[in-house]
Structure formats: structure tokens, C-alpha cells
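What's in upload-v2.txt: compact mmCIF, C-alpha atoms
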# COMPACT_ATOMS: atom_id res chain seq x y z
CA MET A 1 16.42 0.12 57.28
CA THR A 2 16.78 -3.57 56.68
CA LYS A 3 13.57 -4.30 58.56
CA ALA A 4 11.65 -1.77 56.55
CA ALA A 5 13.01 -3.25 53.39
CA LYS A 6 11.81 -6.67 54.47
CA VAL A 7 8.34 -5.33 55.25
CA SER A 8 8.07 -3.59 51.93
CA THR A 9 9.04 -6.76 50.08
CA ALA A 10 6.30 -8.61 51.87
CA VAL A 11 3.59 -6.25 50.70
CA VAL A 12 4.71 -5.94 47.13
CA ALA A 13 1.85 -6.68 44.77
CA PRO A 14 2.23 -9.50 42.28
CA GLU A 15 3.88 -8.48 39.06
CA ALA A 16 1.52 -6.65 36.74
CA PRO A 17 0.59 -8.56 33.59
CA ALA A 18 2.52 -7.69 30.48
CA PRO A 19 0.78 -5.15 28.24
CA MET A 20 -1.38 -6.68 25.53
CA THR A 21 0.43 -4.82 22.79
CA GLN A 22 3.77 -3.18 22.35
CA THR A 23 2.69 -0.96 19.46
CA VAL A 24 1.47 1.87 21.70
CA ILE A 25 3.24 5.01 20.58
CA ASP A 26 4.33 7.56 23.15
CA MET A 27 4.20 10.74 21.09
CA SER A 28 6.24 12.64 23.67
CA LYS A 29 9.14 10.30 22.95
CA GLN A 30 8.97 10.69 19.19
CA PRO A 31 11.47 12.98 17.50
CA ARG A 32 9.97 15.93 15.68
CA THR A 33 11.97 15.37 12.48
CA VAL A 34 13.30 12.18 10.92
CA GLN A 35 15.61 12.24 7.93
CA LEU A 36 15.53 9.39 5.45
CA ALA A 37 18.17 9.06 2.76
CA GLY A 38 19.28 6.16 0.64
CA MET A 39 18.09 3.87 -2.09
CA MET A 40 14.53 4.54 -3.21
CA ALA A 41 13.62 0.88 -2.73
CA ASN A 42 14.61 1.26 0.93
CA VAL A 43 13.49 4.74 1.91
CA PHE A 44 10.02 4.74 0.36
CA PRO A 45 8.84 1.72 2.39
CA GLN A 46 10.42 3.34 5.45
CA ALA A 47 8.42 6.49 4.70
CA ALA A 48 5.26 4.36 4.57
CA ALA A 49 6.19 2.85 7.94
CA LEU A 50 6.78 6.31 9.41
CA ALA A 51 3.44 7.51 8.03
CA ARG A 52 1.79 4.89 10.21
CA LEU A 53 3.65 6.31 13.22
CA GLY A 54 2.18 9.76 12.60
CA TYR A 55 4.80 11.33 10.39
CA THR A 56 4.28 13.17 7.16
CA PHE A 57 6.64 14.55 4.52
CA ASP A 58 7.96 17.89 5.72
CA PRO A 59 6.00 20.42 3.65
CA ALA A 60 8.75 22.96 4.19
CA MET A 61 11.44 20.80 2.58
CA PRO A 62 11.52 19.48 -0.98
CA GLN A 63 11.51 15.74 -1.51
CA GLN A 64 14.65 14.85 -3.40
CA VAL A 65 14.41 11.88 -5.73
CA PHE A 66 17.10 10.94 -8.22
CA PRO A 67 15.93 8.21 -10.62
CA ALA A 68 19.29 8.20 -12.40
CA THR A 69 21.05 6.95 -9.28
CA GLY A 70 18.05 5.41 -7.56
CA MET A 71 18.57 7.61 -4.52
CA ALA A 72 16.08 9.65 -2.54
CA ALA A 73 16.24 11.89 0.50
CA PHE A 74 13.55 13.59 2.46
CA PHE A 75 12.60 14.86 5.88
CA MET A 76 9.54 13.66 7.70
CA VAL A 77 7.89 15.53 10.54
CA LEU A 78 5.28 14.64 13.13
CA GLY A 79 1.88 15.69 11.90
CA MET A 80 -0.94 14.92 9.55
CA PRO A 81 -1.41 15.94 5.93
CA ASP A 82 -3.75 18.87 5.45
CA GLU A 83 -7.39 18.60 4.38
CA PHE A 84 -6.45 19.35 0.79
CA ALA A 85 -4.21 16.27 0.66
CA VAL A 86 -6.89 14.12 2.31
CA ARG A 87 -9.40 15.27 -0.29
CA GLY A 88 -6.92 14.61 -3.10
CA ALA A 89 -6.22 11.11 -1.79
CA ARG A 90 -9.95 10.42 -1.55
CA GLU A 91 -10.40 11.50 -5.16
CA ALA A 92 -7.47 9.34 -6.28
CA ILE A 93 -9.01 6.34 -4.52
CA ALA A 94 -12.39 7.05 -6.14
CA ASP A 95 -10.73 7.27 -9.57
CA ALA A 96 -8.89 4.00 -8.99
CA VAL A 97 -12.11 2.32 -7.81
CA ALA A 98 -13.93 3.51 -10.95
CA LEU A 99 -11.08 2.25 -13.13
CA GLU A 100 -10.97 -1.14 -11.43
CA GLN A 101 -14.76 -1.47 -11.67
CA LEU A 102 -14.57 -0.60 -15.36
CA GLU A 103 -11.86 -3.21 -15.90
CA PHE A 104 -13.87 -5.74 -13.90
CA SER A 105 -17.09 -5.18 -15.87
CA LYS A 106 -15.09 -5.33 -19.11
CA ALA A 107 -13.56 -8.64 -18.03
CA VAL A 108 -17.02 -9.95 -17.07
CA GLN A 109 -18.44 -8.90 -20.45
CA GLU A 110 -15.55 -10.58 -22.26
CA ALA A 111 -15.98 -13.76 -20.23
CA ALA A 112 -19.75 -13.76 -20.91
CA ALA A 113 -19.18 -13.26 -24.65
CA ARG A 114 -16.62 -16.07 -24.65
CA LEU A 115 -19.05 -18.37 -22.81
CA ILE A 116 -21.89 -17.59 -25.22
CA ALA A 117 -19.61 -18.20 -28.22
CA GLU A 118 -18.45 -21.52 -26.73
CA GLN A 119 -22.05 -22.58 -26.08
CA ALA A 120 -23.07 -21.64 -29.65
CA ALA A 121 -20.11 -23.60 -31.05
CA ALA A 122 -21.05 -26.59 -28.90
CA ALA A 123 -24.68 -26.38 -30.10
CA ARG A 124 -23.52 -26.21 -33.73
CA GLN A 125 -21.29 -29.22 -33.17
CA LEU A 126 -24.19 -31.16 -31.62
CA GLU A 127 -26.43 -30.23 -34.53
CA SER A 128 -23.91 -31.32 -37.14
CA ASP A 129 -23.20 -34.54 -35.19
CA ALA A 130 -26.95 -35.30 -35.23
CA LYS A 131 -27.15 -34.59 -38.99
CA ILE A 132 -24.19 -36.89 -39.68
CA ALA A 133 -25.71 -39.63 -37.53
CA ALA A 134 -29.05 -39.31 -39.35
CA ALA A 135 -27.32 -39.41 -42.75
CA GLU A 136 -25.28 -42.44 -41.71
CA ALA A 137 -28.45 -44.19 -40.50
CA ALA A 138 -30.23 -43.38 -43.78
CA LEU A 139 -27.26 -44.69 -45.74
CA ALA A 140 -27.15 -47.88 -43.71
CA ALA A 141 -30.90 -48.37 -44.23
CA ALA A 142 -30.54 -47.80 -48.00
CA ARG A 143 -27.68 -50.32 -48.17
CA GLN A 144 -29.73 -52.84 -46.23
CA GLU A 145 -32.68 -52.29 -48.53
CA ALA A 146 -30.48 -52.64 -51.63
CA LYS A 147 -29.02 -55.86 -50.22
CA ALA A 148 -32.51 -57.19 -49.57
CA THR A 149 -33.72 -56.45 -53.11
CA ALA A 150 -30.61 -57.89 -54.78
CA MET B 1 -12.31 9.48 4.76
CA SER B 2 -15.07 6.97 5.28
CA ALA B 3 -14.02 3.53 6.49
CA ALA B 4 -16.67 1.96 4.26
CA ILE B 5 -15.09 3.23 1.07
CA LEU B 6 -14.01 0.62 -1.46
CA LEU B 7 -10.26 0.26 -1.52
CA PRO B 8 -8.78 -0.42 -4.94
CA ARG B 9 -5.67 -2.53 -5.31
CA GLU B 10 -3.59 0.24 -6.85
CA VAL B 11 -3.89 4.01 -6.66
CA VAL B 12 -1.90 6.36 -8.87
CA LEU B 13 -1.21 9.83 -7.55
CA THR B 14 -0.30 12.56 -9.97
CA GLY B 15 0.21 16.27 -9.60
CA PRO B 16 2.57 18.74 -8.03
CA SER B 17 5.25 17.09 -5.93
CA ALA B 18 4.25 18.72 -2.64
CA SER B 19 0.64 17.63 -3.02
CA VAL B 20 1.39 14.10 -4.25
CA PHE B 21 3.74 13.27 -1.38
CA GLN B 22 1.21 14.50 1.18
CA GLN B 23 -1.51 12.41 -0.44
CA ALA B 24 0.83 9.43 -0.29
CA ILE B 25 0.95 9.85 3.49
CA VAL B 26 -2.85 9.76 3.65
CA LEU B 27 -2.85 6.53 1.63
CA ALA B 28 -0.03 5.02 3.70
CA SER B 29 -2.02 5.59 6.86
CA ARG B 30 -4.94 3.77 5.20
CA GLY B 31 -3.10 0.58 4.38
CA TYR B 32 -1.20 1.40 1.20
CA THR B 33 2.48 1.30 0.52
CA PHE B 34 4.63 2.47 -2.35
CA ALA B 35 4.66 0.27 -5.45
CA ASP B 36 8.35 -0.52 -5.65
CA TRP B 37 8.29 -1.28 -9.37
CA GLN B 38 7.24 2.27 -10.20
CA MET B 39 9.32 4.32 -7.81
CA ASP B 40 11.43 5.67 -10.62
CA GLN B 41 8.44 7.72 -11.75
CA ALA B 42 8.54 9.62 -8.49
CA PHE B 43 10.96 12.14 -9.93
CA PRO B 44 9.60 15.52 -8.91
CA ASN B 45 9.86 17.94 -11.79
CA VAL B 46 8.01 20.83 -13.36
CA ALA B 47 5.44 18.54 -14.95
CA GLY B 48 4.65 16.96 -11.61
CA THR B 49 5.14 13.69 -9.85
CA VAL B 50 3.63 10.27 -10.40
CA LEU B 51 3.46 7.90 -7.46
CA SER B 52 1.87 4.48 -7.55
CA MET B 53 0.70 2.96 -4.31
CA VAL B 54 -0.64 -0.52 -3.69
CA ARG B 55 -2.55 -2.09 -0.84
CA GLY B 56 -0.18 -3.68 1.62
CA LEU B 57 2.27 -3.11 4.41
CA PRO B 58 5.96 -2.27 4.23
CA ASP B 59 8.06 -5.34 4.93
CA SER B 60 9.59 -5.98 8.34
CA SER B 61 13.03 -4.76 7.31
CA ALA B 62 11.58 -1.38 6.29
CA ILE B 63 9.71 -1.09 9.59
CA GLU B 64 12.90 -1.99 11.44
CA ALA B 65 14.91 0.57 9.49
CA ALA B 66 12.24 3.21 10.13
CA ASP B 67 12.37 2.45 13.86
CA GLU B 68 16.14 2.83 13.75
CA ALA B 69 15.81 6.17 11.94
CA VAL B 70 13.38 7.32 14.61
CA ALA B 71 15.77 6.21 17.37
CA ARG B 72 18.67 8.06 15.73
CA ALA B 73 16.59 11.22 15.30
CA LEU B 74 15.39 11.02 18.90
CA GLU B 75 18.93 10.65 20.16
CA MET B 76 20.03 13.63 18.09
CA GLU B 77 17.17 15.79 19.34
CA GLN B 78 17.91 14.81 22.92
CA GLN B 79 21.59 15.71 22.45
CA GLN B 80 20.60 19.05 20.96
CA ALA B 81 18.23 19.72 23.86
CA ALA B 82 20.93 18.81 26.36
CA PHE B 83 23.40 21.05 24.56
CA LEU B 84 20.94 23.96 24.57
CA LYS B 85 20.33 23.43 28.28
CA LEU B 86 24.06 23.46 28.95
CA GLU B 87 24.48 26.55 26.84
CA ALA B 88 21.67 28.31 28.68
CA ALA B 89 23.19 27.33 32.02
CA ALA B 90 26.57 28.66 30.93
CA VAL B 91 25.03 32.03 30.05
Starting from the file, give its structure as C-alpha cells.
Amino acid sequence: MTKAAKVSTAVVAPEAPAPMTQTVIDMSKQPRTVQLAGMMANVFPQAAALARLGYTFDPAMPQQVFPATGMAAFFMVLGMPDEFAVRGAREAIADAVALEQLEFSKAVQEAAARLIAEQAAAARQLESDAKIAAAEAALAAARQEAKATA
Amino acid sequence: MSAAILLPREVVLTGPSASVFQQAIVLASRGYTFADWQMDQAFPNVAGTVLSMVRGLPDSSAIEAADEAVARALEMEQQQAAFLKLEAAAV
């Protein structure tokens, strides 16, 4: 027995390298239902974390949210949302993209209008500065001429 | 959903509670999390539910708490399975 044990130790392969990632999920070891209950600020982010593990809100159970107390409770089950929900989410994203693009183009237009107005004001200022300089030069010349004739 | 789709910073989901919460799961799996400053609008009622979601990940404490909830649920399901097995053996 002891001899065999010694032999087996001698032929043991070097230790296998550690896995590259520890985020591999073994679905067979996941519970079917997870209950979350507590403060909304805590359970909603937990629900988002569970969604990334393959859970969805249990369609058979109502989601209980109580804004007055700030509490929420819901069950999450293994599974994916149905096609209807995927389509709805896609539409919501498209709406949000359109809204953000609208806001962006509005902001660009406002910035362009502001830039044009600033450039026009600067041009007006330059023009009036030039007029003042010309008037001052004319005045100085007239004074010099008057001094010369006196 | 196409991976090439533009992802806005914030997405607002409105509609019947059952539909909105399922859509929130779709968004969560695509890199969104719940906007914590608007959670109080999530009150499911007759008029519907409003949920705001923003691009981002839940913080580490939420992930840790979710892992703990999973571990508790797994333990409970294993206990139930063991109990059912014992019960079946007793019969």
C-alpha cells in the first residue's frame, strides 16, 4: 500500500495552471429562485447583478415596490426575458438614442449660434475700433494743421 | 439585439409593471444598471411603472450581496431537495 502510494506520487503530473477567470458560471449549481428584499437602493443593483448571472424577474410573481418606505421585494428566477421584452427594450434604447441625438444636435446648433454671435460682436468691435482710430488720427492731423497755421 | 446598436447613456422604461421589469433585465444584461436617483418612480400601479436605467455596472457591494443571496437560495434548495429525498425514502 505504502509502496503504491510512493509510486503514484512519483508520477503525479505538475499542478495544472490556475483557470484564467473565475467568472465561469456553473448553471447546474445555481438556485432556480432567488428572493431579494430590502431597501430599493440595495436590491435594485443586486437585481442588475443577478440579471448578468442569467436571472430574470419571476413573471409569475408581482414585483413589490414601496416608495413610501423605500422597500422592495421580488423573486428572480433562472431564465431569459421573452422576445416581447427584448423587442420593448430595443425600442426603448432606440427612443433614448433618438432623444440623445436630438439633444446633441440642439446643443451643437446652440453652440454654433453662440460662436457666430461672438464672431459678429468681435467684428463689430474691430470695425468701431478702426473708426475711432481713424477719427483720432484725423483729429490729431487737424490739430497739427491748426498749430502750423497759427 | 445587434451589438452595433448605439447605446444611449440613459434609457427610460415605461409601461405595465410586468413588461417593464422584464425589459430592465434585457438592459441589465447589456451593460445597464438601475438609476438609483429615480428608483422611487418604480412603484408599480395601475398607470404603469417608470424605470430609469443608466449605462454602468452595479457596485462591488451589490455584486457581493447578490452572490450571497444566490448562496443562501442554493443552500435552501439543497436542503429542500435533501428533505424531499429523506421523505421519499421514509415512504
Tell me which protein, DNA and RNA residues are within 10 Å of Asp58 in chain A, counting all atoms listed in the file, leaving out same-chain ones fewer than 5 positions away, and put them as a VMD selection string.
(chain A and resid 33 to 35 63 74 to 79 81) or (chain B and resid 18 21 to 22)
Interatomic distance between CA of Thr33 in chain B and CA of Ala60 in chain A?
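Distance between the two atoms: 22.8 Å.
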With distances taken over only C-alpha atoms, which residue among A:Ala37, A:Val97, A:Leu53, A:Ala146 lies nearest chain B?
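Counting only C-alpha atoms, the residue closest to chain B is A:Val97.
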Restrict the distance test to all atoms listed in the file, flag each residue of chain A within 9 Å of chain B, and return the flagged residues as an MDAnalysis selection string.
chainID A and resid 29:36 40:59 62:68 70 80:82 84:90 92:100
Between CA of Met39 in chain A and CA of Thr49 in chain B - distance in Å to one decimal
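If I compute the distance from CA of Thr49 in chain B to CA of Met39 in chain A, I get 18.0 Å.
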In Å to one decimal, how far is CA of Lys131 in chain A from CA of Thr149 in chain A?
26.8 Å
Where atoms are lacking, range 89-114 of chain A completed to N, CA and C atoms, as a CSV table (one decimal), keeping the file's coordinate frame:
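Output contents, as saved in rebuild00.csv:
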chain,number,residue,atom,x,y,z
A,89,ALA,N,-6.4,12.6,-1.9
A,89,ALA,CA,-6.2,11.1,-1.8
A,89,ALA,C,-7.6,10.4,-2.0
A,90,ARG,N,-8.6,11.0,-1.4
A,90,ARG,CA,-10.0,10.4,-1.6
A,90,ARG,C,-10.4,10.4,-3.0
A,91,GLU,N,-10.1,11.5,-3.7
A,91,GLU,CA,-10.4,11.5,-5.2
A,91,GLU,C,-9.6,10.5,-6.0
A,92,ALA,N,-8.3,10.3,-5.6
A,92,ALA,CA,-7.5,9.3,-6.3
A,92,ALA,C,-8.0,7.9,-6.1
A,93,ILE,N,-8.4,7.7,-4.8
A,93,ILE,CA,-9.0,6.3,-4.5
A,93,ILE,C,-10.3,6.1,-5.3
A,94,ALA,N,-11.1,7.2,-5.4
A,94,ALA,CA,-12.4,7.0,-6.1
A,94,ALA,C,-12.1,6.8,-7.6
A,95,ASP,N,-11.1,7.5,-8.2
A,95,ASP,CA,-10.7,7.3,-9.6
A,95,ASP,C,-10.3,5.8,-9.8
A,96,ALA,N,-9.4,5.4,-8.9
A,96,ALA,CA,-8.9,4.0,-9.0
A,96,ALA,C,-10.0,3.0,-8.9
A,97,VAL,N,-11.0,3.2,-8.0
A,97,VAL,CA,-12.1,2.3,-7.8
A,97,VAL,C,-12.9,2.3,-9.1
A,98,ALA,N,-13.2,3.5,-9.7
A,98,ALA,CA,-13.9,3.5,-11.0
A,98,ALA,C,-13.2,2.7,-12.1
A,99,LEU,N,-11.9,2.9,-12.1
A,99,LEU,CA,-11.1,2.2,-13.1
A,99,LEU,C,-11.1,0.7,-12.9
A,100,GLU,N,-11.0,0.3,-11.7
A,100,GLU,CA,-11.0,-1.1,-11.4
A,100,GLU,C,-12.3,-1.7,-11.7
A,101,GLN,N,-13.4,-1.0,-11.4
A,101,GLN,CA,-14.8,-1.5,-11.7
A,101,GLN,C,-15.0,-1.6,-13.2
A,102,LEU,N,-14.4,-0.6,-13.9
A,102,LEU,CA,-14.6,-0.6,-15.4
A,102,LEU,C,-13.8,-1.8,-15.9
A,103,GLU,N,-12.6,-2.0,-15.4
A,103,GLU,CA,-11.9,-3.2,-15.9
A,103,GLU,C,-12.6,-4.5,-15.5
A,104,PHE,N,-13.2,-4.5,-14.3
A,104,PHE,CA,-13.9,-5.7,-13.9
A,104,PHE,C,-15.1,-6.0,-14.8
A,105,SER,N,-15.9,-5.0,-15.0
A,105,SER,CA,-17.1,-5.2,-15.9
A,105,SER,C,-16.7,-5.5,-17.3
A,106,LYS,N,-15.6,-5.0,-17.8
A,106,LYS,CA,-15.1,-5.3,-19.1
A,106,LYS,C,-14.7,-6.8,-19.1
A,107,ALA,N,-14.0,-7.2,-18.1
A,107,ALA,CA,-13.6,-8.6,-18.0
A,107,ALA,C,-14.8,-9.6,-18.0
A,108,VAL,N,-15.8,-9.1,-17.2
A,108,VAL,CA,-17.0,-10.0,-17.1
A,108,VAL,C,-17.7,-10.1,-18.4
A,109,GLN,N,-17.8,-8.9,-19.1
A,109,GLN,CA,-18.4,-8.9,-20.4
A,109,GLN,C,-17.7,-9.8,-21.4
A,110,GLU,N,-16.4,-9.7,-21.4
A,110,GLU,CA,-15.6,-10.6,-22.3
A,110,GLU,C,-15.7,-12.1,-21.9
A,111,ALA,N,-15.8,-12.4,-20.6
A,111,ALA,CA,-16.0,-13.8,-20.2
A,111,ALA,C,-17.4,-14.3,-20.7
A,112,ALA,N,-18.4,-13.4,-20.5
A,112,ALA,CA,-19.8,-13.8,-20.9
A,112,ALA,C,-19.8,-14.0,-22.4
A,113,ALA,N,-19.2,-13.1,-23.2
A,113,ALA,CA,-19.2,-13.3,-24.6
A,113,ALA,C,-18.5,-14.6,-25.1
A,114,ARG,N,-17.4,-14.9,-24.4
A,114,ARG,CA,-16.6,-16.1,-24.6
A,114,ARG,C,-17.5,-17.3,-24.3
